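Next up, coords-v4.txt (compact mmCIF, C-alpha atoms and all ligand atoms):
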# COMPACT_ATOMS: atom_id res chain seq x y z
CA MET A 13 -132.65 -35.53 -106.82
CA GLU A 14 -134.11 -32.53 -104.96
CA ALA A 15 -133.32 -34.03 -101.55
CA ASP A 16 -129.61 -33.94 -102.39
CA THR A 17 -129.65 -30.13 -102.48
CA HIS A 18 -130.15 -30.30 -98.70
CA LEU A 19 -127.01 -32.39 -98.19
CA ILE A 20 -123.75 -30.61 -97.41
CA HIS A 21 -121.15 -32.70 -99.24
CA PRO A 22 -117.66 -32.41 -97.70
CA HIS A 23 -115.08 -30.82 -99.99
CA LEU A 24 -117.54 -30.15 -102.81
CA PRO A 25 -118.24 -26.66 -104.18
CA LEU A 26 -121.90 -25.61 -104.25
CA ASP A 27 -121.97 -25.34 -108.06
CA ASN A 28 -120.89 -28.97 -108.54
CA THR A 29 -124.11 -30.84 -109.22
CA ARG A 30 -122.57 -34.07 -110.54
CA ARG A 31 -123.88 -36.96 -108.42
CA PHE A 32 -123.53 -40.72 -108.24
CA ILE A 33 -126.29 -42.06 -106.03
CA MET A 34 -125.22 -45.49 -104.87
CA ASP A 35 -127.98 -47.87 -104.03
CA LYS A 36 -126.62 -51.40 -103.81
CA GLY A 37 -123.31 -53.19 -103.32
CA GLU A 38 -122.04 -56.72 -103.66
CA GLY A 39 -118.41 -57.76 -103.29
CA CYS A 40 -116.29 -55.13 -105.06
CA LEU A 41 -119.19 -53.82 -107.16
CA LEU A 42 -121.65 -51.00 -106.60
CA TRP A 43 -124.86 -50.07 -108.43
CA ASP A 44 -126.35 -46.60 -108.65
CA THR A 45 -130.06 -45.80 -108.70
CA ASN A 46 -130.05 -45.97 -112.53
CA GLY A 47 -128.72 -49.53 -112.44
CA ASN A 48 -125.18 -48.63 -113.63
CA ASP A 49 -122.46 -50.75 -112.05
CA TYR A 50 -119.09 -49.54 -110.76
CA LEU A 51 -115.92 -51.25 -109.52
CA ASP A 52 -115.02 -49.89 -106.10
CA ALA A 53 -111.24 -49.36 -106.14
CA THR A 54 -111.35 -47.08 -103.10
CA GLY A 55 -113.10 -49.56 -100.79
CA GLY A 56 -115.73 -46.93 -99.94
CA LEU A 57 -113.60 -44.49 -97.99
CA TRP A 58 -110.65 -46.92 -97.55
CA LEU A 59 -112.48 -49.41 -95.41
CA ALA A 60 -114.44 -52.10 -97.25
CA GLN A 61 -111.97 -54.92 -96.44
CA ILE A 62 -114.55 -57.72 -96.89
CA GLY A 63 -116.50 -56.05 -99.70
CA HIS A 64 -120.10 -54.88 -99.88
CA GLY A 65 -123.40 -56.60 -99.14
CA ARG A 66 -122.23 -59.48 -96.92
CA ARG A 67 -125.31 -61.36 -95.72
CA GLU A 68 -123.56 -62.73 -92.61
CA ILE A 69 -123.28 -59.20 -91.24
CA GLY A 70 -126.80 -58.19 -92.21
CA GLU A 71 -128.23 -61.23 -90.45
CA ALA A 72 -126.14 -60.77 -87.30
CA LEU A 73 -127.12 -57.08 -87.11
CA SER A 74 -130.79 -57.88 -87.52
CA LYS A 75 -130.65 -60.42 -84.67
CA GLN A 76 -128.75 -58.08 -82.38
CA ALA A 77 -131.05 -55.11 -83.12
CA SER A 78 -134.05 -57.11 -82.00
CA ARG A 79 -132.24 -58.36 -78.89
CA LEU A 80 -130.52 -55.18 -77.61
CA GLU A 81 -129.98 -52.27 -79.98
CA TYR A 82 -128.18 -50.07 -77.48
CA PHE A 83 -127.15 -49.63 -73.94
CA THR A 84 -124.45 -47.36 -72.62
CA SER A 85 -120.90 -48.26 -71.64
CA PHE A 86 -120.66 -45.22 -69.35
CA TRP A 87 -120.10 -45.54 -65.58
CA ASP A 88 -120.80 -49.04 -64.26
CA PHE A 89 -122.80 -50.18 -67.31
CA THR A 90 -121.73 -52.01 -70.41
CA ASN A 91 -123.19 -54.63 -72.77
CA SER A 92 -122.49 -58.23 -73.67
CA SER A 93 -121.71 -57.54 -77.37
CA ILE A 94 -118.73 -55.29 -76.71
CA LEU A 95 -117.41 -57.69 -74.06
CA LYS A 96 -117.59 -60.54 -76.60
CA LEU A 97 -115.53 -58.50 -79.07
CA ILE A 98 -112.65 -57.82 -76.68
CA PRO A 99 -111.07 -61.32 -76.63
CA THR A 100 -111.11 -61.32 -80.45
CA LEU A 101 -109.37 -57.96 -80.54
CA LEU A 102 -106.81 -59.05 -77.96
CA GLU A 103 -105.90 -61.97 -80.22
CA LEU A 104 -105.31 -59.68 -83.19
CA VAL A 105 -103.74 -56.49 -81.84
CA PRO A 106 -99.99 -56.23 -81.11
CA SER A 107 -99.38 -58.07 -77.82
CA HIS A 108 -98.37 -54.97 -75.83
CA ILE A 109 -101.83 -53.42 -76.47
CA THR A 110 -104.37 -54.36 -73.80
CA ASP A 111 -107.02 -51.65 -73.31
CA PHE A 112 -109.58 -49.87 -75.47
CA VAL A 113 -111.62 -46.67 -75.63
CA PHE A 114 -114.36 -47.36 -78.19
CA THR A 115 -115.69 -44.59 -80.43
CA SER A 116 -117.92 -44.06 -83.47
CA GLY A 117 -115.12 -43.48 -85.96
CA GLY A 118 -111.65 -42.22 -86.78
CA SER A 119 -111.94 -38.59 -85.69
CA GLU A 120 -113.30 -39.49 -82.24
CA SER A 121 -110.53 -42.07 -81.85
CA ILE A 122 -107.90 -39.42 -82.55
CA GLU A 123 -109.47 -37.06 -80.01
CA ALA A 124 -109.46 -39.87 -77.45
CA ALA A 125 -105.79 -40.63 -78.22
CA ILE A 126 -104.63 -37.01 -77.96
CA LYS A 127 -106.58 -36.50 -74.73
CA THR A 128 -105.20 -39.78 -73.36
CA ALA A 129 -101.63 -38.66 -74.04
CA ARG A 130 -102.11 -35.23 -72.46
CA TYR A 131 -104.08 -36.59 -69.49
CA TYR A 132 -101.50 -39.34 -68.94
CA TRP A 133 -98.75 -36.78 -68.39
CA TYR A 134 -101.08 -34.64 -66.25
CA LYS A 135 -101.70 -37.67 -64.03
CA LYS A 136 -97.95 -38.26 -63.90
CA GLY A 137 -97.51 -34.77 -62.44
CA GLN A 138 -96.32 -33.18 -65.72
CA PRO A 139 -99.29 -31.11 -66.99
CA GLU A 140 -96.97 -28.94 -69.07
CA LYS A 141 -96.01 -32.00 -71.14
CA ASN A 142 -98.80 -31.34 -73.66
CA TRP A 143 -97.33 -30.50 -77.08
CA ILE A 144 -98.23 -32.85 -79.91
CA LEU A 145 -95.83 -33.42 -82.80
CA SER A 146 -97.21 -34.53 -86.16
CA ARG A 147 -96.38 -34.09 -89.82
CA ARG A 148 -97.34 -31.97 -92.78
CA ASN A 149 -99.63 -33.80 -95.24
CA ALA A 150 -100.89 -36.01 -92.43
CA TYR A 151 -104.62 -36.54 -92.01
CA HIS A 152 -106.01 -37.20 -88.54
CA GLY A 153 -109.71 -36.45 -88.92
CA ALA A 154 -112.11 -33.53 -88.89
CA ALA A 155 -112.47 -32.73 -85.17
CA TYR A 156 -110.48 -29.85 -83.63
CA GLY A 157 -107.64 -31.83 -82.04
CA GLY A 158 -107.20 -34.17 -85.00
CA GLY A 159 -107.68 -31.27 -87.39
CA CYS A 160 -104.82 -29.45 -85.69
CA ALA A 161 -102.67 -32.59 -85.82
CA SER A 162 -103.45 -32.87 -89.54
CA GLY A 163 -101.05 -31.17 -91.86
CA PHE A 164 -103.27 -29.72 -94.59
CA GLU A 165 -103.67 -25.99 -94.11
CA ALA A 166 -106.79 -25.90 -96.31
CA ASP A 167 -108.64 -28.13 -93.83
CA ASN A 168 -108.25 -25.59 -91.01
CA PHE A 169 -108.67 -22.44 -93.08
CA GLY A 170 -111.26 -20.10 -91.54
CA LEU A 171 -111.80 -22.31 -88.48
CA GLY A 172 -109.59 -20.43 -86.01
CA PRO A 173 -108.63 -20.10 -83.25
CA LEU A 174 -107.11 -23.55 -83.38
CA VAL A 175 -105.91 -25.78 -80.56
CA PRO A 176 -102.46 -24.64 -79.38
CA HIS A 177 -99.27 -26.67 -78.99
CA PHE A 178 -99.15 -28.65 -82.21
CA ARG A 179 -96.02 -28.69 -84.41
CA HIS A 180 -95.77 -30.21 -87.88
CA LEU A 181 -92.60 -31.89 -89.15
CA THR A 182 -91.57 -33.06 -92.61
CA PRO A 183 -93.31 -36.20 -93.89
CA PRO A 184 -91.00 -38.99 -95.19
CA HIS A 185 -92.24 -38.50 -98.75
CA THR A 186 -89.00 -39.65 -100.35
CA TYR A 187 -90.19 -39.16 -103.94
CA ARG A 188 -90.44 -35.42 -103.21
CA SER A 189 -86.71 -35.29 -102.72
CA TRP A 190 -86.61 -31.46 -102.44
CA LEU A 191 -88.12 -31.76 -98.96
CA PHE A 192 -84.86 -33.09 -97.50
CA ASP A 193 -82.28 -30.43 -98.40
CA GLY A 194 -80.17 -32.93 -100.32
CA GLN A 195 -79.82 -35.18 -97.27
CA ASP A 196 -80.90 -38.77 -96.74
CA PRO A 197 -84.67 -38.51 -95.95
CA VAL A 198 -84.47 -40.61 -92.77
CA ASP A 199 -81.45 -38.67 -91.45
CA PHE A 200 -83.21 -35.39 -92.27
CA CYS A 201 -86.47 -36.36 -90.53
CA ILE A 202 -84.69 -37.67 -87.45
CA ALA A 203 -82.47 -34.57 -87.17
CA GLU A 204 -85.54 -32.33 -87.55
CA LEU A 205 -87.32 -34.29 -84.81
CA GLU A 206 -84.32 -33.99 -82.47
CA GLN A 207 -84.14 -30.26 -83.16
CA SER A 208 -87.85 -29.76 -82.45
CA ILE A 209 -87.52 -31.66 -79.19
CA GLU A 210 -84.61 -29.45 -78.22
CA GLU A 211 -86.54 -26.27 -79.09
CA ILE A 212 -89.81 -27.20 -77.37
CA GLY A 213 -88.19 -29.23 -74.59
CA GLU A 214 -88.90 -32.92 -73.98
CA ASP A 215 -90.66 -32.00 -70.73
CA ASN A 216 -93.24 -30.12 -72.79
CA ILE A 217 -94.04 -32.78 -75.42
CA ALA A 218 -96.74 -35.37 -74.79
CA ALA A 219 -96.71 -37.39 -77.99
CA PHE A 220 -95.83 -37.78 -81.64
CA ILE A 221 -98.76 -38.84 -83.82
CA GLY A 222 -98.35 -40.34 -87.29
CA GLU A 223 -99.98 -42.62 -89.82
CA PRO A 224 -97.69 -45.61 -90.50
CA LEU A 225 -98.07 -44.67 -94.15
CA LEU A 226 -99.63 -41.34 -95.08
CA GLY A 227 -103.03 -42.10 -96.60
CA VAL A 228 -104.65 -38.83 -97.67
CA GLY A 229 -101.10 -37.53 -98.11
CA GLY A 230 -100.80 -39.90 -101.10
CA MET A 231 -100.30 -43.46 -99.78
CA VAL A 232 -96.74 -42.49 -98.93
CA THR A 233 -94.83 -45.54 -97.74
CA PRO A 234 -91.98 -44.66 -95.33
CA PRO A 235 -88.36 -45.41 -96.17
CA GLU A 236 -86.60 -48.34 -94.51
CA GLY A 237 -85.60 -47.50 -90.93
CA TYR A 238 -87.77 -44.39 -90.59
CA TRP A 239 -90.18 -45.65 -87.91
CA PRO A 240 -87.70 -47.64 -85.74
CA LYS A 241 -85.29 -44.68 -85.66
CA LEU A 242 -88.07 -42.24 -84.89
CA GLU A 243 -89.41 -44.50 -82.14
CA ALA A 244 -85.93 -44.76 -80.60
CA VAL A 245 -85.66 -40.95 -80.40
CA LEU A 246 -89.11 -40.68 -78.79
CA ARG A 247 -88.26 -43.37 -76.23
CA ARG A 248 -85.00 -41.60 -75.35
CA HIS A 249 -86.93 -38.39 -74.70
CA ASN A 250 -89.89 -39.97 -72.90
CA ILE A 251 -92.43 -38.94 -75.55
CA LEU A 252 -95.39 -41.20 -76.38
CA LEU A 253 -95.87 -42.62 -79.88
CA ILE A 254 -99.43 -42.61 -81.24
CA GLN A 255 -99.91 -44.42 -84.53
CA ASP A 256 -103.03 -43.56 -86.49
CA GLU A 257 -104.05 -46.85 -88.09
CA VAL A 258 -107.54 -45.67 -89.03
CA VAL A 259 -106.78 -46.51 -92.68
CA THR A 260 -103.98 -49.04 -92.28
CA GLY A 261 -105.40 -51.24 -89.49
CA PHE A 262 -107.09 -54.62 -89.94
CA GLY A 263 -105.20 -56.00 -92.89
CA ARG A 264 -105.11 -53.14 -95.38
CA THR A 265 -101.34 -53.33 -95.89
CA GLY A 266 -100.93 -57.10 -95.57
CA SER A 267 -100.46 -57.34 -91.82
CA TRP A 268 -103.14 -56.95 -89.15
CA PHE A 269 -101.54 -53.66 -88.10
CA THR A 270 -99.03 -51.70 -90.11
CA CYS A 271 -96.89 -50.84 -87.08
CA GLN A 272 -96.02 -54.59 -87.10
CA ARG A 273 -94.90 -54.31 -90.71
CA TYR A 274 -92.59 -51.40 -89.81
CA GLY A 275 -91.38 -52.93 -86.53
CA VAL A 276 -92.58 -50.40 -83.92
CA GLN A 277 -94.63 -50.65 -80.73
CA PRO A 278 -96.82 -47.54 -80.44
CA ASP A 279 -98.11 -46.61 -76.99
CA ILE A 280 -101.52 -45.81 -78.46
CA ILE A 281 -103.00 -47.03 -81.76
CA THR A 282 -106.13 -45.46 -83.25
CA VAL A 283 -108.37 -47.56 -85.49
CA ALA A 284 -111.77 -47.29 -87.23
CA LYS A 285 -112.83 -48.09 -90.82
CA GLY A 286 -111.57 -51.69 -91.30
CA ILE A 287 -112.66 -52.75 -87.80
CA THR A 288 -116.21 -53.13 -89.19
CA SER A 289 -115.43 -52.75 -92.93
CA GLY A 290 -117.96 -49.90 -92.72
CA TYR A 291 -120.98 -52.05 -91.81
CA MET A 292 -121.42 -49.92 -88.67
CA PRO A 293 -119.59 -46.76 -87.55
CA MET A 294 -116.93 -47.72 -85.01
CA GLY A 295 -113.42 -46.83 -83.92
CA ALA A 296 -111.11 -47.19 -80.94
CA ALA A 297 -108.06 -45.77 -79.23
CA MET A 298 -106.12 -48.83 -78.09
CA MET A 299 -103.28 -48.59 -75.59
CA ARG A 300 -100.76 -50.15 -73.24
CA LYS A 301 -101.93 -51.22 -69.79
CA GLU A 302 -99.83 -48.72 -67.87
CA ILE A 303 -101.29 -45.80 -69.85
CA ALA A 304 -104.85 -47.11 -69.47
CA ASP A 305 -104.44 -47.65 -65.75
CA THR A 306 -102.92 -44.22 -65.26
CA VAL A 307 -105.75 -42.37 -67.02
CA ARG A 308 -108.57 -44.27 -65.29
CA GLU A 309 -107.09 -44.16 -61.81
CA GLY A 310 -108.78 -41.69 -59.40
CA ILE A 311 -111.89 -40.02 -60.85
CA GLY A 312 -111.71 -42.09 -64.06
CA PHE A 313 -110.96 -41.14 -67.67
CA PRO A 314 -112.84 -37.93 -68.54
CA VAL A 315 -113.63 -38.87 -72.16
CA GLY A 316 -116.61 -40.91 -73.29
CA TYR A 317 -119.04 -41.00 -76.19
CA THR A 318 -122.70 -42.03 -76.15
CA TYR A 319 -122.00 -44.67 -78.77
CA SER A 320 -118.77 -46.06 -77.21
CA GLY A 321 -119.06 -49.85 -77.35
CA HIS A 322 -122.35 -49.76 -79.29
CA PRO A 323 -123.78 -53.31 -79.43
CA LEU A 324 -124.54 -53.18 -83.16
CA ALA A 325 -121.07 -51.84 -83.99
CA ALA A 326 -119.52 -54.53 -81.80
CA THR A 327 -121.59 -57.18 -83.58
CA ALA A 328 -120.55 -55.92 -87.02
CA ALA A 329 -116.90 -55.85 -85.90
CA ALA A 330 -117.03 -59.41 -84.56
CA VAL A 331 -118.47 -60.86 -87.79
CA ASN A 332 -116.22 -58.70 -89.98
CA LEU A 333 -113.06 -59.77 -88.14
CA SER A 334 -114.03 -63.43 -88.29
CA ILE A 335 -114.56 -63.10 -92.07
CA ILE A 336 -111.14 -61.45 -92.46
CA LYS A 337 -109.58 -64.30 -90.44
CA ASP A 338 -111.51 -67.22 -91.96
CA GLU A 339 -111.04 -66.05 -95.55
CA GLY A 340 -107.33 -65.29 -95.05
CA LEU A 341 -107.82 -61.71 -96.24
CA VAL A 342 -104.71 -60.33 -94.54
CA GLU A 343 -102.57 -62.73 -96.57
CA ARG A 344 -104.73 -61.98 -99.60
CA ALA A 345 -103.93 -58.26 -99.23
CA ASN A 346 -100.34 -59.25 -100.02
CA THR A 347 -101.00 -61.64 -102.90
CA ILE A 348 -103.67 -59.66 -104.73
CA GLY A 349 -101.87 -56.43 -103.79
CA ASP A 350 -98.68 -57.70 -105.44
CA TYR A 351 -100.67 -58.84 -108.46
CA LEU A 352 -102.32 -55.43 -108.89
CA ALA A 353 -98.99 -53.67 -108.28
CA ALA A 354 -97.27 -55.78 -110.94
CA GLY A 355 -100.03 -54.89 -113.44
CA LEU A 356 -99.80 -51.19 -112.59
CA HIS A 357 -96.00 -51.13 -112.90
CA ALA A 358 -96.10 -52.91 -116.26
CA ALA A 359 -98.73 -50.54 -117.65
CA LEU A 360 -97.65 -47.26 -116.06
CA ASP A 361 -93.92 -47.07 -115.36
CA ASP A 362 -92.96 -45.96 -118.88
CA LEU A 363 -95.71 -43.37 -119.30
CA PRO A 364 -94.29 -39.81 -119.43
CA VAL A 365 -96.41 -38.47 -116.54
CA VAL A 366 -95.97 -41.34 -114.09
CA GLY A 367 -93.36 -40.55 -111.45
CA GLU A 368 -93.80 -43.36 -108.97
CA VAL A 369 -96.12 -46.32 -108.37
CA ARG A 370 -95.99 -47.49 -104.75
CA HIS A 371 -97.96 -49.85 -102.61
CA ALA A 372 -98.12 -51.72 -99.32
CA GLY A 373 -100.53 -54.63 -99.53
CA MET A 374 -103.77 -53.13 -100.86
CA ALA A 375 -102.90 -49.45 -100.39
CA PHE A 376 -101.72 -47.79 -103.63
CA GLY A 377 -100.35 -44.39 -104.59
CA ILE A 378 -99.56 -43.34 -108.18
CA GLU A 379 -97.72 -40.05 -108.32
CA LEU A 380 -98.23 -38.07 -111.54
CA VAL A 381 -95.62 -35.52 -112.60
CA LYS A 382 -94.85 -32.88 -115.23
CA ASP A 383 -91.30 -34.07 -115.51
CA LYS A 384 -89.73 -37.28 -114.27
CA GLN A 385 -86.46 -35.43 -113.54
CA THR A 386 -87.80 -32.49 -111.49
CA ARG A 387 -90.72 -34.58 -110.08
CA GLU A 388 -93.00 -31.53 -110.07
CA PRO A 389 -96.66 -32.54 -109.69
CA LEU A 390 -98.67 -32.73 -112.92
CA GLU A 391 -101.24 -29.97 -113.47
CA PRO A 392 -103.98 -31.92 -115.24
CA GLN A 393 -106.47 -29.97 -117.35
CA VAL A 394 -109.25 -32.48 -116.66
CA ALA A 395 -110.11 -34.28 -113.42
CA ILE A 396 -108.36 -37.66 -113.56
CA ALA A 397 -110.65 -39.57 -111.20
CA ASP A 398 -113.75 -38.25 -113.01
CA GLU A 399 -112.41 -39.47 -116.37
CA ILE A 400 -111.72 -42.94 -114.94
CA LEU A 401 -115.17 -43.06 -113.37
CA ASP A 402 -117.09 -41.77 -116.42
CA GLU A 403 -115.46 -43.98 -119.01
CA PHE A 404 -114.57 -47.14 -117.09
CA HIS A 405 -116.92 -47.04 -114.11
CA VAL A 406 -113.95 -47.60 -111.77
CA VAL A 407 -113.93 -45.51 -108.57
CA VAL A 408 -110.50 -44.08 -107.66
CA ARG A 409 -109.50 -40.90 -105.88
CA CYS A 410 -106.89 -38.15 -106.44
CA THR A 411 -105.11 -36.35 -103.62
CA ASN A 412 -102.18 -34.04 -102.82
CA PRO A 413 -102.67 -32.83 -105.63
CA THR A 414 -102.16 -35.43 -108.37
CA ILE A 415 -101.55 -38.70 -106.64
CA ILE A 416 -104.07 -41.39 -107.55
CA VAL A 417 -104.85 -43.37 -104.40
CA MET A 418 -106.63 -46.71 -104.29
CA SER A 419 -107.55 -49.16 -101.55
CA PRO A 420 -109.88 -51.78 -103.02
CA PRO A 421 -111.62 -54.44 -100.95
CA LEU A 422 -109.18 -57.21 -100.00
CA ILE A 423 -111.41 -59.73 -101.81
CA LEU A 424 -110.63 -58.15 -105.21
CA SER A 425 -110.31 -60.76 -107.97
CA GLU A 426 -107.49 -60.86 -110.53
CA ALA A 427 -109.97 -59.97 -113.29
CA GLN A 428 -111.08 -56.93 -111.29
CA ALA A 429 -107.45 -55.95 -110.71
CA ASP A 430 -106.91 -56.15 -114.49
CA ARG A 431 -109.94 -53.88 -114.99
CA ILE A 432 -108.42 -51.30 -112.62
CA VAL A 433 -105.10 -51.43 -114.50
CA GLU A 434 -106.81 -50.95 -117.85
CA ALA A 435 -108.91 -48.02 -116.61
CA VAL A 436 -106.09 -46.19 -114.84
CA SER A 437 -103.46 -46.76 -117.52
CA THR A 438 -105.74 -45.75 -120.40
CA VAL A 439 -106.68 -42.44 -118.79
CA VAL A 440 -103.21 -41.65 -117.41
CA GLY A 441 -101.71 -42.58 -120.81
CA ARG A 442 -103.68 -39.75 -122.45
CA PHE A 443 -102.06 -37.01 -120.36
CA ARG A 444 -99.15 -35.03 -121.77
CA PRO A 445 -96.55 -33.52 -119.40
CA ASP A 446 -98.08 -30.03 -119.88
CA GLY A 447 -101.31 -31.39 -118.33
CA SER A 448 -103.28 -31.54 -121.57
CA TYR A 449 -105.49 -34.54 -122.20
CA GLU A 450 -105.78 -36.18 -125.63
CA LYS A 451 -108.70 -38.53 -125.92
N1 LIG B 501 -107.21 -40.80 -89.44
C1 LIG B 501 -106.92 -41.13 -90.71
C2 LIG B 501 -105.54 -41.62 -91.04
C3 LIG B 501 -107.88 -41.04 -91.71
O1 LIG B 501 -107.57 -41.31 -92.98
C4 LIG B 501 -109.19 -40.61 -91.36
C5 LIG B 501 -110.24 -40.54 -92.37
O2 LIG B 501 -110.04 -40.80 -93.53
C6 LIG B 501 -109.44 -40.26 -90.02
C7 LIG B 501 -108.43 -40.38 -89.09
C8 LIG B 501 -110.79 -39.76 -89.61
O3 LIG B 501 -111.71 -40.79 -89.62
P1 LIG B 501 -113.28 -40.49 -89.67
O4 LIG B 501 -113.54 -39.91 -91.01
O5 LIG B 501 -113.88 -41.86 -89.45
O6 LIG B 501 -113.63 -39.57 -88.57

Have the structure of the file written as structure tokens, please.
Amino acid sequence: MEADTHLIHPHLPLDNTRRFIMDKGEGCLLWDTNGNDYLDATGGLWLAQIGHGRREIGEALSKQASRLEYFTSFWDFTNSSILKLIPTLLELVPSHITDFVFTSGGSESIEAAIKTARYYWYKKGQPEKNWILSRRNAYHGAAYGGGCASGFEADNFGLGPLVPHFRHLTPPHTYRSWLFDGQDPVDFCIAELEQSIEEIGEDNIAAFIGEPLLGVGGMVTPPEGYWPKLEAVLRRHNILLIQDEVVTGFGRTGSWFTCQRYGVQPDIITVAKGITSGYMPMGAAMMRKEIADTVREGIGFPVGYTYSGHPLAATAAAVNLSIIKDEGLVERANTIGDYLAAGLHAALDDLPVVGEVRHAGMAFGIELVKDKQTREPLEPQVAIADEILDEFHVVVRCTNPTIIVMSPPLILSEAQADRIVEAVSTVVGRFRPDGSYEK
């Protein structure tokens, strides 16, 4: 399609002209403009909790658009749709979270969170407390602050000068055991954190930001004890904890928020994606009362977006969250997630190139290796996700560099889970440890 040549596709080289032009969606299925159907095992971009094409949301959006499509939430204005959403959110979020900065997506939420943390300490009379700690292989969005918090060098290449005062620590990617110098991964990460705090000085560090499980980094689930121990160190040193739940929030891992699953109480939680299941762009930085009151006291919080608290986004969020609740989709993330995980383990564990299959609810990572002993990443001679898509019409994604990641809609059926297992295991089963592919 000629029009597509005018689109700049993120992370796609100019000479790649392969295109799938999606035109329609229903449940876990998508159709392209040629009428071919696909099973969406990535949930769009990790967000389609309730699946595609839900009429309830379409109808609610149509009504709201004809009533009030937009009015600002700046200064002393707001709108009734966003105010209706707040009691619903307060019921669902961890009980220590009380206040919200609404945004249009994940990256803006991260910017709001980082600015909140820095501004909080400024208002407390400690403007030098502005360093942000994060981790390598973390992904915190495509804006400058979040980009600097992210831990993929390729994402910042050529974009300098970057925002100062960010430091990246080791991610708790236990399967990559060489990261931890032969030590227990939790002990190593905690010691490294303590050492960084000593080097930078606790009076210079505003916050630690981390995804409860690393999404783009390969759906890396943390080892037992990692988050509670890390939180205890931060509390001892008076450093805020920001958890980036842009991927993991709203049921993805089988609890409303993944910080609940890992037993921590972040000061600020960022969300997006699952808050509307993608029906409208929306995100939020959500925080404790004392932080919110500190940053809005005096001249008010200096961060706002035109579309903060957008009535249509708020409407989509309200209907989406009631569907997640009424259909028991958070519980379903556990049951169907366990079902899909059992199928993947049975079909994949004994294959020569499969190092680890891991999951939390409906977030999956399958780590492919050259050698199960050394755990070195596989160097595939064909693109794995493309093979799965072309032959089986199942959409998955590969990251970092050969981890298959999946996050299907939470409404996935058992038959659809079986189809994912068949597609992934057939293609992965054709790889030899040297990366060659025998069809
Ligand atoms: N944070 C995490 C953990 C993400 O995975 C993403 C996007 O995938 C973002 C932030 C950025 O969100 P957005 O693409 O909506 O700006």

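Nearest residue to ligand LIG 501 (chain B) among A:Val408, A:Ile254, A:Ile416, A:Leu80 is A:Ile254, counting only C-alpha atoms and all ligand atoms.
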
message: For segment 29-33 of chain A, find every residue with an atom within 10 Å (counting all atoms listed in the file), except residues of its own chain fewer than 3 positions away, and show them as JSON, numbers by chain.
response: {"A": [13, 16, 17, 24, 25, 26, 36, 43, 44, 45, 46, 48]}

query: Quick one: residues within 7 Å of ligand LIG 501 (chain B), with only C-alpha atoms and all ligand atoms, as a PyMOL selection string?
result: chain A and resi 57+117-120+122+151-154+223+227-228+256-259+284-285

query: What lies within 12 Å of Asn412 of chain A using all atoms listed in the file, ignoring chain neighbours under 6 positions off, as number ranges by chain?
result: A: 148-151, 163-166, 185, 188, 226-232, 377-381, 388-391

query: What is the atom CA of Leu333 of chain A-atom CA of Phe376 of chain A distance in Å, reported with one decimal?
result: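 A separation of 22.6 Å between them.
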
- request: Could you please give me, as a ChimeraX atom specification, the residues of protein, DNA or RNA lying at most 12 Å from (-107.9, -61.3, -80.8) in the coordinate frame of the file, considering all atoms listed in the file?
  value: /A:96-107,109-110,262,268,329-330,333-334,337

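Distances from A:Ile432, A:Ala328, A:Leu401, A:Ala358 to Glu71 of chain A were compared using all atoms listed in the file, and the smallest one belongs to A:Ala328.
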
- prompt: Any idea what's packed within 12 Å of Glu81 of chain A, counting all atoms listed in the file, ignoring anything in its chain fewer than 3 positions away? Could you give it as a list in words?
  reply: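 Once the adjacent positions are removed, what remains is Ala72, Leu73, Ser74, Lys75, Gln76, Ala77, Ser78, Thr84, Asn91, Ser92, Ser93, Tyr319, Gly321, His322, Pro323, Leu324, Ala325, Ala326 and Thr327 of chain A.
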
field: Val342 of chain A surroundings by all atoms listed in the file, 6 Å radius, close-in-sequence under 3 positions cut, as a list in words
entry: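 So, after excluding close chain neighbours, the residues are Gly263, Gly266, Ser267 and Ala345 of chain A.
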
Surrounding residues of Glu140 of chain A excluding itself and chain neighbours under 2 positions, 12 Å, all atoms listed in the file, as a PDB file with C-alpha atoms, keeping the file's coordinate frame:
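Result written to selection_38.pdb:
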ATOM      1  CA  ALA A 129    -101.630 -38.660 -74.040  1.00  0.00           C
ATOM      2  CA  ARG A 130    -102.110 -35.230 -72.460  1.00  0.00           C
ATOM      3  CA  TYR A 131    -104.080 -36.590 -69.490  1.00  0.00           C
ATOM      4  CA  TYR A 132    -101.500 -39.340 -68.940  1.00  0.00           C
ATOM      5  CA  TRP A 133     -98.750 -36.780 -68.390  1.00  0.00           C
ATOM      6  CA  TYR A 134    -101.080 -34.640 -66.250  1.00  0.00           C
ATOM      7  CA  LYS A 135    -101.700 -37.670 -64.030  1.00  0.00           C
ATOM      8  CA  LYS A 136     -97.950 -38.260 -63.900  1.00  0.00           C
ATOM      9  CA  GLY A 137     -97.510 -34.770 -62.440  1.00  0.00           C
ATOM     10  CA  GLN A 138     -96.320 -33.180 -65.720  1.00  0.00           C
ATOM     11  CA  ASN A 142     -98.800 -31.340 -73.660  1.00  0.00           C
ATOM     12  CA  TRP A 143     -97.330 -30.500 -77.080  1.00  0.00           C
ATOM     13  CA  ILE A 144     -98.230 -32.850 -79.910  1.00  0.00           C
ATOM     14  CA  HIS A 177     -99.270 -26.670 -78.990  1.00  0.00           C
ATOM     15  CA  ILE A 212     -89.810 -27.200 -77.370  1.00  0.00           C
ATOM     16  CA  GLY A 213     -88.190 -29.230 -74.590  1.00  0.00           C
ATOM     17  CA  GLU A 214     -88.900 -32.920 -73.980  1.00  0.00           C
ATOM     18  CA  ASP A 215     -90.660 -32.000 -70.730  1.00  0.00           C
ATOM     19  CA  ASN A 216     -93.240 -30.120 -72.790  1.00  0.00           C
ATOM     20  CA  ILE A 217     -94.040 -32.780 -75.420  1.00  0.00           C
ATOM     21  CA  ALA A 218     -96.740 -35.370 -74.790  1.00  0.00           C
TER      22      ALA A 218
END
